[in-house]
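See below for final.txt, which holds compact mmCIF, C-alpha atoms (C1' of nucleotides).
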```
# COMPACT_ATOMS: atom_id res chain seq x y z
CA MET A 1 -16.34 2.59 15.79
CA GLU A 2 -19.57 2.72 17.77
CA THR A 3 -20.58 0.06 20.23
CA ILE A 4 -21.39 -3.31 18.72
CA GLU A 5 -24.99 -2.89 19.73
CA LYS A 6 -25.43 0.40 17.90
CA LEU A 7 -23.46 -0.83 14.92
CA THR A 8 -25.69 -3.88 14.74
CA LYS A 9 -28.79 -1.73 14.66
CA LYS A 10 -27.33 0.54 12.06
CA LEU A 11 -26.42 -2.34 9.76
CA ARG A 12 -29.78 -4.02 10.17
CA SER A 13 -31.63 -0.78 9.46
CA GLN A 14 -29.82 -0.71 6.13
CA GLY A 15 -30.92 -4.22 5.25
CA MET A 16 -27.58 -5.74 6.13
CA LYS A 17 -27.27 -8.93 8.10
CA ILE A 18 -25.38 -9.58 11.27
CA THR A 19 -23.61 -12.87 10.82
CA PRO A 20 -21.49 -14.60 13.46
CA GLN A 21 -18.43 -13.88 11.30
CA ARG A 22 -19.19 -10.18 11.34
CA LEU A 23 -19.78 -10.18 15.05
CA MET A 24 -16.37 -11.76 15.63
CA ILE A 25 -14.76 -9.13 13.46
CA PHE A 26 -16.55 -6.39 15.38
CA ARG A 27 -15.33 -7.88 18.65
CA VAL A 28 -11.76 -8.04 17.41
CA LEU A 29 -11.91 -4.40 16.37
CA GLU A 30 -13.79 -3.03 19.36
CA ASN A 31 -11.47 -0.85 21.44
CA ASN A 32 -8.54 -2.18 19.46
CA THR A 33 -5.65 0.28 19.46
CA SER A 34 -3.14 -2.01 17.76
CA HIS A 35 -3.87 -0.82 14.21
CA PRO A 36 -4.27 -4.33 12.81
CA SER A 37 -3.87 -5.32 9.18
CA ALA A 38 -6.50 -7.46 7.47
CA GLU A 39 -4.28 -10.45 8.18
CA ASN A 40 -4.07 -9.63 11.89
CA VAL A 41 -7.84 -9.47 12.06
CA TYR A 42 -8.14 -12.70 10.09
CA LYS A 43 -5.82 -14.59 12.44
CA ARG A 44 -7.60 -13.41 15.55
CA VAL A 45 -11.03 -14.20 14.20
CA LYS A 46 -9.83 -17.59 12.96
CA ARG A 47 -8.87 -18.61 16.48
CA ILE A 48 -12.48 -18.49 17.62
CA TYR A 49 -14.11 -19.11 14.25
CA PRO A 50 -11.73 -21.37 12.32
CA SER A 51 -13.78 -21.69 9.15
CA VAL A 52 -13.82 -17.96 8.42
CA SER A 53 -12.36 -16.95 5.07
CA PHE A 54 -10.02 -14.12 4.26
CA THR A 55 -12.51 -12.77 1.76
CA THR A 56 -15.03 -12.20 4.51
CA ILE A 57 -12.51 -10.18 6.49
CA TYR A 58 -11.71 -7.99 3.51
CA LYS A 59 -15.35 -7.52 2.58
CA THR A 60 -16.39 -6.65 6.12
CA LEU A 61 -13.52 -4.23 6.62
CA GLU A 62 -14.50 -2.51 3.40
CA THR A 63 -18.10 -2.31 4.56
CA LEU A 64 -17.00 -0.78 7.86
CA ARG A 65 -14.83 1.69 6.02
CA GLU A 66 -17.70 2.72 3.74
CA LEU A 67 -19.86 3.25 6.80
CA GLY A 68 -17.13 5.38 8.34
CA GLU A 69 -16.72 2.95 11.23
CA VAL A 70 -13.03 2.34 10.67
CA ARG A 71 -10.25 4.34 9.13
CA GLU A 72 -7.92 2.73 6.62
CA PHE A 73 -4.31 3.82 6.34
CA VAL A 74 -0.87 2.79 5.15
CA ILE A 75 2.45 3.43 6.84
CA ASP A 76 5.88 2.28 5.81
CA ASP A 77 4.42 -0.99 4.73
CA ASP A 78 2.67 -2.49 1.74
CA ARG A 79 -0.43 -3.53 3.57
CA LYS A 80 -3.36 -1.56 4.87
CA HIS A 81 -4.06 -1.07 8.53
CA TYR A 82 -7.41 -0.44 10.20
CA ASP A 83 -8.25 1.81 13.09
CA PRO A 84 -11.67 1.66 14.78
CA ASN A 85 -10.97 5.04 16.34
CA THR A 86 -12.13 7.44 13.65
CA ASN A 87 -11.66 10.56 15.73
CA LEU A 88 -8.93 12.81 14.50
CA HIS A 89 -5.63 11.76 15.98
CA HIS A 90 -2.04 11.20 15.02
CA HIS A 91 0.47 8.35 15.17
CA VAL A 92 4.01 7.50 16.22
CA ILE A 93 5.61 4.56 14.47
CA CYS A 94 8.73 2.71 15.58
CA SER A 95 11.11 2.50 12.63
CA SER A 96 12.43 -0.77 13.98
CA CYS A 97 9.46 -2.92 15.05
CA LYS A 98 6.78 -0.90 13.21
CA LYS A 99 4.66 -0.68 16.33
CA ILE A 100 2.16 2.17 16.04
CA LEU A 101 0.89 4.25 18.92
CA ASP A 102 -1.89 6.80 18.97
CA VAL A 103 -1.13 10.44 19.69
CA PHE A 104 -4.11 12.36 20.97
CA GLU A 105 -3.15 15.97 20.89
CA ASP A 106 -4.73 18.82 19.05
CA PHE A 107 -2.10 20.53 16.95
CA SER A 108 -4.62 22.32 14.76
CA SER A 109 -3.92 25.79 16.08
CA HIS A 110 -0.23 25.43 15.27
CA VAL A 111 -0.38 23.55 12.04
CA THR A 112 -1.80 25.45 9.10
CA LEU A 113 -0.84 25.68 5.46
CA PRO A 114 1.42 28.54 4.41
CA GLU A 115 -0.46 31.39 2.72
CA PRO A 116 0.60 30.69 -0.86
CA VAL A 117 -0.57 27.08 -0.62
CA LYS A 118 -3.85 28.08 1.02
CA LYS A 119 -4.81 29.73 -2.26
CA ASP A 120 -4.63 26.42 -4.05
CA TYR A 121 -5.95 23.96 -1.48
CA THR A 122 -8.88 24.01 0.90
CA VAL A 123 -7.73 21.84 3.75
CA SER A 124 -10.16 19.60 5.58
CA GLY A 125 -7.67 18.10 8.00
CA PHE A 126 -4.17 16.77 8.52
CA GLN A 127 -2.41 13.78 9.94
CA ILE A 128 0.97 13.73 11.58
CA PHE A 129 3.16 10.65 11.47
CA PHE A 130 5.98 10.72 13.96
CA HIS A 131 8.91 8.44 13.27
CA GLY A 132 11.12 7.17 16.02
CA ILE A 133 12.38 4.27 18.07
CA CYS A 134 10.29 2.73 20.81
CA ARG A 135 11.71 1.94 24.21
CA ASP A 136 11.84 -1.81 23.63
CA CYS A 137 13.81 -1.45 20.41
CA LYS A 138 16.15 1.06 21.97
CA LEU A 139 17.35 -1.37 24.64
CA PRO A 140 20.70 -3.01 23.94
CA VAL A 141 20.37 -6.57 22.67
CA ALA A 142 20.82 -8.98 25.58
CA MET B 1 18.77 14.16 -5.05
CA GLU B 2 22.11 15.66 -5.94
CA THR B 3 23.01 16.85 -9.40
CA ILE B 4 23.32 14.12 -12.00
CA GLU B 5 27.03 14.83 -12.29
CA LYS B 6 27.68 14.30 -8.58
CA LEU B 7 25.37 11.33 -8.46
CA THR B 8 27.20 9.74 -11.37
CA LYS B 9 30.52 10.11 -9.58
CA LYS B 10 29.07 8.70 -6.40
CA LEU B 11 27.68 5.62 -8.11
CA ARG B 12 30.88 4.95 -10.04
CA SER B 13 32.95 5.30 -6.88
CA GLN B 14 30.87 2.49 -5.43
CA GLY B 15 31.49 0.20 -8.38
CA MET B 16 28.10 0.88 -9.92
CA LYS B 17 27.61 1.53 -13.60
CA ILE B 18 26.05 4.49 -15.31
CA THR B 19 23.88 3.08 -18.06
CA PRO B 20 21.80 5.12 -20.50
CA GLN B 21 18.68 3.75 -18.82
CA ARG B 22 19.83 5.08 -15.45
CA LEU B 23 20.71 8.44 -16.88
CA MET B 24 17.22 8.76 -18.31
CA ILE B 25 15.72 7.91 -14.94
CA PHE B 26 17.94 10.47 -13.24
CA ARG B 27 16.83 13.09 -15.74
CA VAL B 28 13.16 12.29 -15.19
CA LEU B 29 13.63 12.64 -11.45
CA GLU B 30 15.86 15.70 -11.43
CA ASN B 31 13.96 18.67 -9.98
CA ASN B 32 10.76 16.67 -10.29
CA THR B 33 8.16 17.88 -7.81
CA SER B 34 5.30 15.73 -9.11
CA HIS B 35 5.89 12.80 -6.75
CA PRO B 36 5.81 10.20 -9.52
CA SER B 37 5.03 6.54 -9.07
CA ALA B 38 7.27 3.89 -10.61
CA GLU B 39 4.81 3.70 -13.46
CA ASN B 40 4.95 7.45 -14.06
CA VAL B 41 8.73 7.25 -14.26
CA TYR B 42 8.53 4.22 -16.54
CA LYS B 43 6.21 5.96 -18.98
CA ARG B 44 8.34 9.07 -19.17
CA VAL B 45 11.55 7.14 -19.65
CA LYS B 46 9.90 4.90 -22.25
CA ARG B 47 9.11 7.91 -24.42
CA ILE B 48 12.76 8.57 -25.01
CA TYR B 49 14.07 5.04 -24.45
CA PRO B 50 11.31 2.71 -25.65
CA SER B 51 13.06 -0.58 -24.91
CA VAL B 52 13.47 0.12 -21.19
CA SER B 53 11.89 -2.44 -18.89
CA PHE B 54 9.80 -1.92 -15.79
CA THR B 55 12.29 -3.97 -13.80
CA THR B 56 15.02 -1.48 -14.49
CA ILE B 57 12.87 1.35 -13.17
CA TYR B 58 12.10 -0.53 -9.97
CA LYS B 59 15.70 -1.59 -9.44
CA THR B 60 17.05 1.88 -10.03
CA LEU B 61 14.50 3.52 -7.77
CA GLU B 62 15.43 1.05 -5.06
CA THR B 63 19.10 1.80 -5.55
CA LEU B 64 18.43 5.51 -5.29
CA ARG B 65 16.41 4.96 -2.15
CA GLU B 66 19.19 2.92 -0.56
CA LEU B 67 21.62 5.69 -1.37
CA GLY B 68 19.27 8.22 0.23
CA GLU B 69 18.82 10.04 -3.05
CA VAL B 70 15.04 9.70 -3.16
CA ARG B 71 12.38 9.30 -0.54
CA GLU B 72 9.72 6.63 -0.96
CA PHE B 73 6.24 7.13 0.42
CA VAL B 74 2.63 6.03 0.18
CA ILE B 75 -0.44 8.23 0.42
CA ASP B 76 -4.07 7.22 0.05
CA ASP B 77 -3.06 4.91 -2.71
CA ASP B 78 -1.74 1.43 -3.17
CA ARG B 79 1.35 2.39 -5.05
CA LYS B 80 4.59 3.94 -3.94
CA HIS B 81 5.62 7.42 -4.90
CA TYR B 82 9.11 8.84 -5.17
CA ASP B 83 10.42 12.24 -4.22
CA PRO B 84 13.91 13.39 -5.21
CA ASN B 85 13.69 16.13 -2.62
CA THR B 86 14.90 14.39 0.51
CA ASN B 87 14.90 17.48 2.67
CA LEU B 88 12.34 17.43 5.41
CA HIS B 89 9.05 18.77 4.15
CA HIS B 90 5.37 18.03 4.25
CA HIS B 91 2.60 17.42 1.74
CA VAL B 92 -0.93 18.45 0.81
CA ILE B 93 -2.96 15.95 -1.17
CA CYS B 94 -6.16 16.62 -3.05
CA SER B 95 -8.74 14.05 -2.01
CA SER B 96 -10.31 14.23 -5.41
CA CYS B 97 -7.53 14.18 -8.01
CA LYS B 98 -4.77 12.92 -5.68
CA LYS B 99 -2.43 15.67 -6.77
CA ILE B 100 0.31 16.18 -4.20
CA LEU B 101 2.00 19.48 -3.42
CA ASP B 102 5.04 20.14 -1.26
CA VAL B 103 4.72 22.18 1.92
CA PHE B 104 7.97 23.74 3.00
CA GLU B 105 7.39 25.06 6.47
CA ASP B 106 9.12 24.19 9.69
CA PHE B 107 6.54 23.10 12.22
CA SER B 108 9.06 21.47 14.50
CA SER B 109 8.83 24.00 17.30
CA HIS B 110 5.07 23.49 17.52
CA VAL B 111 4.80 19.80 16.94
CA THR B 112 6.19 17.59 19.66
CA LEU B 113 4.99 14.40 21.27
CA PRO B 114 2.98 14.67 24.47
CA GLU B 115 5.03 13.93 27.59
CA PRO B 116 3.62 10.45 28.31
CA VAL B 117 4.44 9.26 24.80
CA LYS B 118 7.89 10.81 24.93
CA LYS B 119 8.79 8.26 27.57
CA ASP B 120 8.14 5.44 25.13
CA TYR B 121 9.37 6.83 21.84
CA THR B 122 12.47 8.72 20.82
CA VAL B 123 11.31 10.71 17.82
CA SER B 124 13.62 11.38 14.91
CA GLY B 125 11.16 13.34 12.83
CA PHE B 126 7.61 13.70 11.64
CA GLN B 127 5.64 14.16 8.50
CA ILE B 128 2.41 16.03 8.08
CA PHE B 129 -0.09 15.05 5.42
CA PHE B 130 -2.69 17.70 4.78
CA HIS B 131 -5.91 16.55 3.13
CA GLY B 132 -8.03 18.88 1.11
CA ILE B 133 -9.43 19.86 -2.23
CA CYS B 134 -7.34 21.65 -4.82
CA ARG B 135 -8.60 24.66 -6.69
CA ASP B 136 -9.16 22.79 -9.96
CA CYS B 137 -11.30 20.15 -8.29
CA LYS B 138 -13.28 22.74 -6.39
CA LEU B 139 -14.46 24.46 -9.53
CA PRO B 140 -18.02 23.63 -10.58
CA VAL B 141 -18.19 21.17 -13.43
CA ALA B 142 -18.65 23.04 -16.68
C1' DT C 1 40.79 -4.57 -26.71
C1' DA C 2 39.73 -8.30 -23.46
C1' DA C 3 38.16 -9.54 -18.92
C1' DT C 4 34.62 -9.24 -15.66
C1' DA C 5 31.40 -7.65 -12.54
C1' DA C 6 27.14 -5.20 -12.84
C1' DA C 7 22.92 -4.10 -15.16
C1' DT C 8 19.59 -5.29 -18.44
C1' DA C 9 15.05 -7.36 -20.54
C1' DA C 10 11.81 -10.84 -20.25
C1' DA C 11 9.34 -13.90 -17.87
C1' DA C 12 7.74 -16.03 -13.96
C1' DA C 13 6.72 -15.57 -9.09
C1' DC C 14 4.93 -13.08 -5.42
C1' DG C 15 1.80 -11.17 -1.73
C1' DA C 16 -2.10 -8.23 -0.92
C1' DT C 17 -6.43 -7.40 -2.46
C1' DT C 18 -10.68 -7.85 -5.35
C1' DG C 19 -14.04 -10.23 -8.32
C1' DT C 20 -16.93 -14.32 -9.29
C1' DT C 21 -19.77 -18.05 -8.17
C1' DA C 22 -22.59 -21.33 -6.17
C1' DA C 23 -24.11 -22.57 -1.70
C1' DT C 24 -25.64 -21.09 2.78
C1' DT C 25 -28.09 -18.34 6.12
C1' DA C 26 -30.09 -14.22 8.77
C1' DG C 27 -34.02 -12.23 9.50
C1' DA C 28 -38.47 -10.63 7.69
C1' DT C 29 -43.00 -12.37 6.89
C1' DA C 30 -46.73 -15.63 6.46
C1' DT D 1 -42.62 -21.71 13.84
C1' DA D 2 -41.74 -22.67 8.98
C1' DT D 3 -40.94 -20.47 4.73
C1' DC D 4 -38.78 -17.42 1.73
C1' DT D 5 -35.43 -14.41 -0.31
C1' DA D 6 -31.91 -11.24 -0.58
C1' DA D 7 -27.58 -10.81 1.68
C1' DT D 8 -23.50 -13.12 2.94
C1' DT D 9 -20.40 -16.63 2.84
C1' DA D 10 -16.33 -19.83 1.37
C1' DA D 11 -13.70 -21.18 -2.24
C1' DC D 12 -11.49 -20.07 -6.12
C1' DA D 13 -9.72 -17.41 -9.87
C1' DA D 14 -8.10 -13.03 -11.26
C1' DT D 15 -5.69 -8.68 -10.81
C1' DC D 16 -2.48 -5.27 -9.36
C1' DG D 17 1.93 -3.50 -7.98
C1' DT D 18 6.23 -5.18 -7.06
C1' DT D 19 10.15 -8.56 -6.71
C1' DT D 20 12.85 -12.49 -8.11
C1' DT D 21 15.09 -15.30 -11.46
C1' DT D 22 17.74 -16.16 -15.42
C1' DA D 23 20.19 -15.68 -19.44
C1' DT D 24 22.18 -11.99 -22.10
C1' DT D 25 24.37 -7.62 -22.75
C1' DT D 26 27.29 -3.78 -21.41
C1' DA D 27 30.14 -0.24 -18.72
C1' DT D 28 34.34 -0.06 -16.79
C1' DT D 29 39.25 -0.74 -16.20
C1' DA D 30 43.54 -3.30 -16.61
```

Spit out the file's structure as structure tokens when you get a sec.
Amino acid sequence: METIEKLTKKLRSQGMKITPQRLMIFRVLENNTSHPSAENVYKRVKRIYPSVSFTTIYKTLETLRELGEVREFVIDDDRKHYDPNTNLHHHVICSSCKKILDVFEDFSSHVTLPEPVKKDYTVSGFQIFFHGICRDCKLPVA
Amino acid sequence: METIEKLTKKLRSQGMKITPQRLMIFRVLENNTSHPSAENVYKRVKRIYPSVSFTTIYKTLETLRELGEVREFVIDDDRKHYDPNTNLHHHVICSSCKKILDVFEDFSSHVTLPEPVKKDYTVSGFQIFFHGICRDCKLPVA
DNA sequence: TAATAAATAAAAACGATTGTTAATTAGATA
DNA sequence: TATCTAATTAACAATCGTTTTTATTTATTA
């Protein structure tokens, strides 16, 4: 996601309006590396803007996705998560607490499709999901 | 997934019953590399066993998952898919038609977490999702 | 073959998401 | 600055995939 300022300009130039609700959503997402679900975003916005509706969150997230400002993905879960970092990167997920962490490392020189598959698919990119246990969950229960 | 014969023995040894509905589901899944959704399985079973209910499909797939006989996963889609091949492997998905193909290649020597992340996560495995366009979808429209 | 625990079909319930609507409002323009 | 209008909102209903519930049926085994 770009800065809020740039995003604001971009939206306005397309005839879209910058409402206080949208601004709150942008602020919640800005530099957010927690991979929130729509509900997470809703709860955080609601704290500072209690009358906001869930619909608005969904609609705005969809708008941001269409504009390529956030990436939508699903992991081990039946709800979608949103990531304002749209640069190519990978993820580690804790099988226990489901916490997701970004992995910024370029594996592209090592990860390519085997020859036979290359004939059938033209690959535009790939995503690696690491599964594991985070340090907190690994600790013995007190 | 093991052979139907072995699977049958395994289930019975655990006090579970082998019903005709289950056998049909096993047959639909056996050697199936199409990554079917519950609905796909339902439709195929229904052809030969028209009175089967959706509930039975869901329950049986869950049972198979608990037993480690199928792997459940989600890609770019809001429904779950099932894979009777539980060996570690990766996938290519066509962004256009959503067709999924298996990728059997061992990337494990090249794909490891960066050092700083290794301190926080103990990784048990990883999955690579390649995105691309399949040959059929790449062809110009007639 | 009868007993019984497990599995079934059908229906209702469920949670996440999307569509609809009437009312409100941001932001351009007079 | 006030007015106007299309975009956005909140509230609600609807939908979709999946799960739960319940009463009935059935696979297994004694």

What's around B:His131 at 6 Å? Count only C-alpha atoms (C1' of nucleotides), leave out sequence neighbours fewer than 3 positions away in its own chain, and write the answer as a ChimeraX atom specification. /A:123-126 /B:92-93

Could you turn the residues from that selection into a file that holds C-alpha atoms, as a PDB file, keeping the file's coordinate frame?
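Just written: part.pdb:
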```pdb
ATOM      1  CA  VAL A 123      -7.730  21.840   3.750  1.00  0.00           C
ATOM      2  CA  SER A 124     -10.160  19.600   5.580  1.00  0.00           C
ATOM      3  CA  GLY A 125      -7.670  18.100   8.000  1.00  0.00           C
ATOM      4  CA  PHE A 126      -4.170  16.770   8.520  1.00  0.00           C
TER       5      PHE A 126
ATOM      6  CA  VAL B  92      -0.930  18.450   0.810  1.00  0.00           C
ATOM      7  CA  ILE B  93      -2.960  15.950  -1.170  1.00  0.00           C
TER       8      ILE B  93
END
```

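Within 12 Å of the point (-2.4, -9.9, -1.3) in file coordinates, and counting only C-alpha atoms (C1' of nucleotides), lie the residues Ser37, Ala38, Glu39, Phe54, Thr55, Tyr58, Asp78, Arg79 and Lys80 of chain A; Asp78 of chain B; DC14, DG15, DA16, DT17 and DT18 of chain C; DA14, DT15, DC16, DG17 and DT18 of chain D.
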
Dump as a PDB file with C-alpha atoms, keeping the file's coordinate frame the residues of chain B that approach chain A to within 7 Å, counting only C-alpha atoms.
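The resulting file, iface.pdb, is reproduced below:
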```
ATOM      1  CA  VAL B  74       2.630   6.030   0.180  1.00  0.00           C
ATOM      2  CA  PHE B 107       6.540  23.100  12.220  1.00  0.00           C
ATOM      3  CA  HIS B 110       5.070  23.490  17.520  1.00  0.00           C
ATOM      4  CA  VAL B 111       4.800  19.800  16.940  1.00  0.00           C
ATOM      5  CA  ASP B 120       8.140   5.440  25.130  1.00  0.00           C
ATOM      6  CA  TYR B 121       9.370   6.830  21.840  1.00  0.00           C
ATOM      7  CA  THR B 122      12.470   8.720  20.820  1.00  0.00           C
ATOM      8  CA  VAL B 123      11.310  10.710  17.820  1.00  0.00           C
ATOM      9  CA  SER B 124      13.620  11.380  14.910  1.00  0.00           C
ATOM     10  CA  GLY B 125      11.160  13.340  12.830  1.00  0.00           C
ATOM     11  CA  PHE B 126       7.610  13.700  11.640  1.00  0.00           C
ATOM     12  CA  GLN B 127       5.640  14.160   8.500  1.00  0.00           C
ATOM     13  CA  ILE B 128       2.410  16.030   8.080  1.00  0.00           C
ATOM     14  CA  PHE B 129      -0.090  15.050   5.420  1.00  0.00           C
ATOM     15  CA  PHE B 130      -2.690  17.700   4.780  1.00  0.00           C
ATOM     16  CA  HIS B 131      -5.910  16.550   3.130  1.00  0.00           C
ATOM     17  CA  GLY B 132      -8.030  18.880   1.110  1.00  0.00           C
ATOM     18  CA  ILE B 133      -9.430  19.860  -2.230  1.00  0.00           C
ATOM     19  CA  CYS B 134      -7.340  21.650  -4.820  1.00  0.00           C
ATOM     20  CA  ARG B 135      -8.600  24.660  -6.690  1.00  0.00           C
TER      21      ARG B 135
END
```

Nearest to chain D by atom-to-atom distance, counting all atoms listed in the file, from A:Leu11, A:Val41, A:Leu139, A:Ile100: A:Leu11

Closest contacts (chain D/chain B, max 12 Å, all atoms listed in the file) as a tab-separated table:
```
residue	atom	partner	partner_atom	distance
D:DC16	C1'	B:Asp78	CA	9.2
D:DG17	C1'	B:Arg79	CA	6.6
D:DT18	C1'	B:Tyr58	CA	8.0
D:DT19	C1'	B:Thr55	CA	8.7
D:DT20	C1'	B:Thr55	CA	10.3
D:DT21	C1'	B:Thr55	CA	11.9
D:DT25	C1'	B:Thr19	CA	11.7
D:DT26	C1'	B:Thr19	CA	8.4
D:DA27	C1'	B:Lys17	CA	6.0
D:DT28	C1'	B:Lys17	CA	7.6
D:DT29	C1'	B:Gly15	CA	11.1
```

For chain A, which residue out of C:DA3, C:DA28, C:DA12, C:DA22 is the nearest one, using all atoms listed in the file? C:DA28

Interface list for chain C, partner chain B, 10 Å threshold, all atoms listed in the file, as a PyMOL selection string: chain C and resi 5-10+16

For those residues, write C-alpha atoms (C1' of nucleotides) to a file as a short mmCIF file (atom, residue, chain, number, x, y, z; two decimals), in the frame of the given file.
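Contents of the output file again_12.cif:
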```
data_model
loop_
_atom_site.label_atom_id
_atom_site.label_comp_id
_atom_site.auth_asym_id
_atom_site.auth_seq_id
_atom_site.Cartn_x
_atom_site.Cartn_y
_atom_site.Cartn_z
"C1'" DA C 5 31.40 -7.65 -12.54
"C1'" DA C 6 27.14 -5.20 -12.84
"C1'" DA C 7 22.92 -4.10 -15.16
"C1'" DT C 8 19.59 -5.29 -18.44
"C1'" DA C 9 15.05 -7.36 -20.54
"C1'" DA C 10 11.81 -10.84 -20.25
"C1'" DA C 16 -2.10 -8.23 -0.92
#
```

Pairwise distance for atom CA of B:Thr86 and atom CA of B:Pro50, rounded to one decimal in Å: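 Atom CA of B:Pro50 lies at a distance of 28.9 Å from atom CA of B:Thr86.
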
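Taking atom CA of A:Asn31 as the reference point, atom CA of A:Glu5 is found at 13.8 Å.
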
Work out how far atom CA of B:Cys97 is from atom CA of B:Arg27, in Å to one decimal. 25.6 Å

Option closest in space to D:DT1, from C:DA30, C:DA23, C:DA13, C:DA2 [counting only C-alpha atoms (C1' of nucleotides)]: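 Among C:DA30, C:DA23, C:DA13, C:DA2, it is C:DA30 that comes nearest to D:DT1.
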
Kindly output stretch 131-137 of chain A as a PDB file, in the coordinates of the input, after building all heavy atoms.
```
ATOM      1  N   HIS A 131       8.046   9.606  13.428  1.00  0.00           N
ATOM      2  CA  HIS A 131       8.910   8.440  13.270  1.00  0.00           C
ATOM      3  C   HIS A 131       9.905   8.426  14.416  1.00  0.00           C
ATOM      4  O   HIS A 131      10.410   9.469  14.803  1.00  0.00           O
ATOM      5  CB  HIS A 131       9.662   8.501  11.937  1.00  0.00           C
ATOM      6  CG  HIS A 131       8.757   8.336  10.772  1.00  0.00           C
ATOM      7  ND1 HIS A 131       8.648   7.160  10.078  1.00  0.00           N
ATOM      8  CD2 HIS A 131       7.891   9.194  10.190  1.00  0.00           C
ATOM      9  CE1 HIS A 131       7.761   7.293   9.122  1.00  0.00           C
ATOM     10  NE2 HIS A 131       7.288   8.532   9.157  1.00  0.00           N
ATOM     11  N   GLY A 132      10.175   7.233  14.923  1.00  0.00           N
ATOM     12  CA  GLY A 132      11.120   7.170  16.020  1.00  0.00           C
ATOM     13  C   GLY A 132      11.448   5.745  16.398  1.00  0.00           C
ATOM     14  O   GLY A 132      11.198   4.821  15.630  1.00  0.00           O
ATOM     15  N   ILE A 133      12.016   5.601  17.567  1.00  0.00           N
ATOM     16  CA  ILE A 133      12.380   4.270  18.070  1.00  0.00           C
ATOM     17  C   ILE A 133      11.651   4.094  19.401  1.00  0.00           C
ATOM     18  O   ILE A 133      11.715   4.969  20.264  1.00  0.00           O
ATOM     19  CB  ILE A 133      13.897   4.178  18.317  1.00  0.00           C
ATOM     20  CG1 ILE A 133      14.675   4.389  17.020  1.00  0.00           C
ATOM     21  CG2 ILE A 133      14.269   2.842  18.946  1.00  0.00           C
ATOM     22  CD1 ILE A 133      14.722   3.197  16.119  1.00  0.00           C
ATOM     23  N   CYS A 134      10.992   2.958  19.554  1.00  0.00           N
ATOM     24  CA  CYS A 134      10.290   2.730  20.810  1.00  0.00           C
ATOM     25  C   CYS A 134      11.272   2.233  21.871  1.00  0.00           C
ATOM     26  O   CYS A 134      12.389   1.840  21.556  1.00  0.00           O
ATOM     27  CB  CYS A 134       9.142   1.747  20.627  1.00  0.00           C
ATOM     28  SG  CYS A 134       9.636   0.044  20.450  1.00  0.00           S
ATOM     29  N   ARG A 135      10.820   2.262  23.101  1.00  0.00           N
ATOM     30  CA  ARG A 135      11.710   1.940  24.210  1.00  0.00           C
ATOM     31  C   ARG A 135      12.280   0.513  24.101  1.00  0.00           C
ATOM     32  O   ARG A 135      13.470   0.293  24.298  1.00  0.00           O
ATOM     33  CB  ARG A 135      10.961   2.099  25.538  1.00  0.00           C
ATOM     34  CG  ARG A 135      11.859   2.081  26.739  1.00  0.00           C
ATOM     35  CD  ARG A 135      11.490   3.173  27.699  1.00  0.00           C
ATOM     36  NE  ARG A 135      10.125   2.968  28.177  1.00  0.00           N
ATOM     37  CZ  ARG A 135       9.807   2.841  29.470  1.00  0.00           C
ATOM     38  NH1 ARG A 135      10.748   2.896  30.383  1.00  0.00           N
ATOM     39  NH2 ARG A 135       8.561   2.693  29.844  1.00  0.00           N
ATOM     40  N   ASP A 136      11.403  -0.412  23.729  1.00  0.00           N
ATOM     41  CA  ASP A 136      11.840  -1.810  23.630  1.00  0.00           C
ATOM     42  C   ASP A 136      12.964  -1.975  22.605  1.00  0.00           C
ATOM     43  O   ASP A 136      13.924  -2.708  22.830  1.00  0.00           O
ATOM     44  CB  ASP A 136      10.667  -2.715  23.221  1.00  0.00           C
ATOM     45  CG  ASP A 136       9.603  -2.772  24.313  1.00  0.00           C
ATOM     46  OD1 ASP A 136       9.908  -2.353  25.459  1.00  0.00           O
ATOM     47  OD2 ASP A 136       8.481  -3.214  24.013  1.00  0.00           O
ATOM     48  N   CYS A 137      12.819  -1.296  21.478  1.00  0.00           N
ATOM     49  CA  CYS A 137      13.810  -1.450  20.410  1.00  0.00           C
ATOM     50  C   CYS A 137      15.092  -0.694  20.727  1.00  0.00           C
ATOM     51  O   CYS A 137      16.135  -0.949  20.140  1.00  0.00           O
ATOM     52  CB  CYS A 137      13.244  -0.984  19.081  1.00  0.00           C
ATOM     53  SG  CYS A 137      11.959  -2.079  18.454  1.00  0.00           S
TER      54      CYS A 137
END
```
